[in-house]
Structure formats: C-alpha cells, structure tokens
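**Student:** Can you read through this structure? Questions will come right after.
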Amino acid sequence: VFFIVGEYQFFHRIVVYLDGLPLQIGDELIVQLLNVISLTLFMMVLFSGLISSLSVFYMSSDLELLFSQPVDVRSIISMRLVQSIVHSSWMVFIFSLPVYIAYGNYFQVSFWFYCYLILSFIPFVILPTVIGVFLIMGLMRYFPAKKAHQVLSFLGLMFFAFLIVFLRFLQPE
C-alpha cells in the first residue's frame, strides 16, 4: 500500500513538473513518458507470460491427472490460458493503476477515462500473454521442459541487455 501511494505521489509530481514546462514541451514529454511506461509494461507482461505459461502448461504437477480425465483438451488449454493471463498480469495491473490515476487526477479527466483504461487493459495483457504462450509452445518443440528454464534465463539476460541499450539510445541525459 505504501509503495502504491508513493508511486502515485511520484508520478503526480512528474506530471505537474512536466506540465509546467514552457512551449508545450511538457505535453509532449508526458505523452512520451506514458508511451515508455506502456511499452515497458507490455514487455513485462510478455516476459511474465513466457514464464507463467511454462509453469502452467508444462511444469504443473496436475497435468497428468487432468489429461487422464475424460475432459476436452480444448477446455484444459483454455483454462490454462486464462490462468496464465491472470498470473502474468495481476501485478502489472495493480502497479500501473497509480500512474494512470495520477495522470487522470491532474488533468481532471472524466469517469469514462477510467472505464476506458480498464477496458483497454484487457487486450493489453491478453496479447503479450498469448504471444508468450506461443513462444513457449515453439520453444518446447525443440527443447525439453527442464532445459527451457536455462533458455528463458538466457532470454531474460538478453532482454535486460536490450533494455539497457534501448534506454541508452533514448539519451535520457
């Protein structure tokens, strides 16, 4: 709770500062800040979707029991997909709300902004999670499940390196 309140205060101060910049520069910087935050959240959900889909689809201990029951395979996969979406996006949802609420409170947006925000969050988390599921399914075609952890660790390291290079190209100075 303290972190969420602090996050709200932090982004509210940033929006207030950026809006006070002269020559409409602040408006463009606020839009770019929200773009960078959204891109970062998208990549976080994608990577989290990779990891959660690996554990939900391939490493779960109840898979043998589920597939031995007279249940349609499509319903098992659909249930696992929803489970993977929830596991990979709940934290991003909770910790991204203060950013957008700070933006909305400062600019005194209407109630419909928050409705639109919540409705747009649904495809925002479904798309990267489904991409993560497809990537894991492709990865499992060529690697055993135990080796996939090593491959995902390498991909995580590459993602971190890409993020550092990306931030350096933005020239934040």
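Labeling convention for the structure tokens: chains A, B, ... as they appear, residues from 1 per chain, ligands from 1 in order of appearance.
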Name all residues at most 8 Å from stretch 9-25 of chain A (count only C-alpha atoms; drop same-chain ones fewer than 4 positions away) and give them as an MDAnalysis selection string.
**Tutor:** chainID A and resid 5 29:30 98:99 102:103 106
**Student:** So that I can check the surroundings of A:Val36, please list as a PyMOL selection string every protein, DNA and RNA residue that reaches within 12 Å of it, counting only C-alpha atoms and ignoring chain neighbours fewer than 5 positions away.
**Tutor:** chain A and resi 29-31+41-43+163+166-167+170+172
**Student:** Using only C-alpha atoms, which residue out of A:Phe93, A:Tyr58, A:Phe3, A:Phe47 lies closest to A:Arg141?
**Tutor:**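 Looking only at the distances to A:Arg141, the closest residue turns out to be A:Tyr58.
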**Student:** Using only C-alpha atoms, pick whichever of A:Pro128, A:Leu39, A:Phe95, A:Val133 has the shortest atom-to-atom distance to A:Arg80.
**Tutor:**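 Closest candidate: A:Val133.
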**Student:** Name the residues in contact with stretch 68-79 of chain A at a cut-off of 12 Å, using only C-alpha atoms, excluding same-chain residues fewer than 2 positions from it; report them as a CSV table (one decimal) with N, CA and C atoms, in the first residue's frame.
**Tutor:**
chain,number,residue,atom,x,y,z
A,53,SER,N,3.5,-19.2,-18.5
A,53,SER,CA,2.9,-20.3,-19.4
A,53,SER,C,3.8,-21.5,-19.3
A,56,VAL,N,2.6,-23.2,-16.1
A,56,VAL,CA,1.2,-23.6,-16.1
A,56,VAL,C,1.0,-24.7,-17.2
A,57,PHE,N,1.6,-24.6,-18.3
A,57,PHE,CA,1.3,-25.5,-19.4
A,57,PHE,C,2.2,-26.8,-19.3
A,58,TYR,N,3.4,-26.7,-18.8
A,58,TYR,CA,4.4,-27.8,-18.9
A,58,TYR,C,4.9,-28.3,-17.6
A,62,ASP,N,-0.3,-31.2,-11.8
A,62,ASP,CA,-1.6,-31.8,-12.0
A,62,ASP,C,-1.9,-32.1,-13.5
A,63,LEU,N,-1.0,-31.9,-14.4
A,63,LEU,CA,-1.2,-32.2,-15.8
A,63,LEU,C,-1.5,-33.6,-16.1
A,64,GLU,N,-0.8,-34.5,-15.5
A,64,GLU,CA,-1.1,-36.0,-15.7
A,64,GLU,C,-2.5,-36.3,-15.3
A,65,LEU,N,-3.0,-35.8,-14.2
A,65,LEU,CA,-4.3,-36.0,-13.7
A,65,LEU,C,-5.3,-35.4,-14.7
A,66,LEU,N,-5.1,-34.2,-15.1
A,66,LEU,CA,-6.1,-33.5,-16.0
A,66,LEU,C,-6.2,-34.3,-17.3
A,81,LEU,N,-4.8,-21.1,-20.3
A,81,LEU,CA,-4.5,-19.8,-20.9
A,81,LEU,C,-5.0,-18.7,-20.0
A,82,VAL,N,-6.2,-18.9,-19.5
A,82,VAL,CA,-6.8,-17.9,-18.6
A,82,VAL,C,-5.9,-17.8,-17.3
A,83,GLN,N,-5.5,-18.9,-16.8
A,83,GLN,CA,-4.7,-19.0,-15.6
A,83,GLN,C,-3.4,-18.3,-15.9
A,84,SER,N,-2.8,-18.5,-17.1
A,84,SER,CA,-1.5,-17.8,-17.4
A,84,SER,C,-1.7,-16.3,-17.6
A,85,ILE,N,-2.8,-15.9,-18.2
A,85,ILE,CA,-3.1,-14.4,-18.3
A,85,ILE,C,-3.2,-13.8,-16.9
A,86,VAL,N,-3.9,-14.4,-16.0
A,86,VAL,CA,-4.1,-13.9,-14.7
A,86,VAL,C,-2.8,-13.8,-13.9
A,130,VAL,N,-0.6,-14.2,-24.8
A,130,VAL,CA,-0.8,-15.2,-25.9
A,130,VAL,C,0.5,-15.3,-26.7
A,133,VAL,N,2.7,-17.5,-24.7
A,133,VAL,CA,2.3,-18.9,-24.8
A,133,VAL,C,2.7,-19.5,-26.1
A,137,MET,N,5.4,-22.6,-26.5
A,137,MET,CA,5.0,-23.8,-27.3
A,137,MET,C,6.0,-24.1,-28.4
**Student:** Calculate how many Å separate atom CA of A:Val125 from atom CA of A:Val45, rounding to one decimal.
**Tutor:**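 Distance between the two atoms: 6.5 Å.
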**Student:** Check the smallest atom-to-atom distance from each of A:Thr40, A:Ser55, A:Ser60, A:Ser120 to A:Phe159 using only C-alpha atoms, then report the winner.
**Tutor:** A:Thr40
**Student:** List every residue of stretch 10-39 of chain A that DSSP, applied to the backbone, labels as alpha helix (DSSP H), and write the result as a ChimeraX atom specification.
**Tutor:** /A:10-19,25-39
**Student:** Given only C-alpha atoms as the basis, pick out the residue of A:Leu54, A:Tyr8, A:Leu46, A:Tyr114 nearest to A:Lys147.
**Tutor:**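 Using only C-alpha atoms, the shortest distance to A:Lys147 belongs to A:Leu54.
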**Student:** In Å, with one decimal, what is the gap from atom CA of A:Phe134 to atom CA of A:Leu157?
**Tutor:** 20.2 Å
**Student:** Rounded to one decimal, what separation in Å do you get between atom CA of A:Ile118 and atom CA of A:Ser89?
**Tutor:**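 These atoms are spaced 12.7 Å apart.
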**Student:** Measuring between only C-alpha atoms, which one of A:Leu139, A:Phe113, A:Leu119, A:Val1 shows the shortest distance to A:Ile101?
**Tutor:**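 Residue with the minimum atom-to-atom distance to A:Ile101: A:Phe113.
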**Student:** Rank A:Leu50, A:Ile126, A:Met44, A:Ile164 by their smallest atom-to-atom distance to A:Gly138, using only C-alpha atoms, and report the top residue only.
**Tutor:** A:Leu50
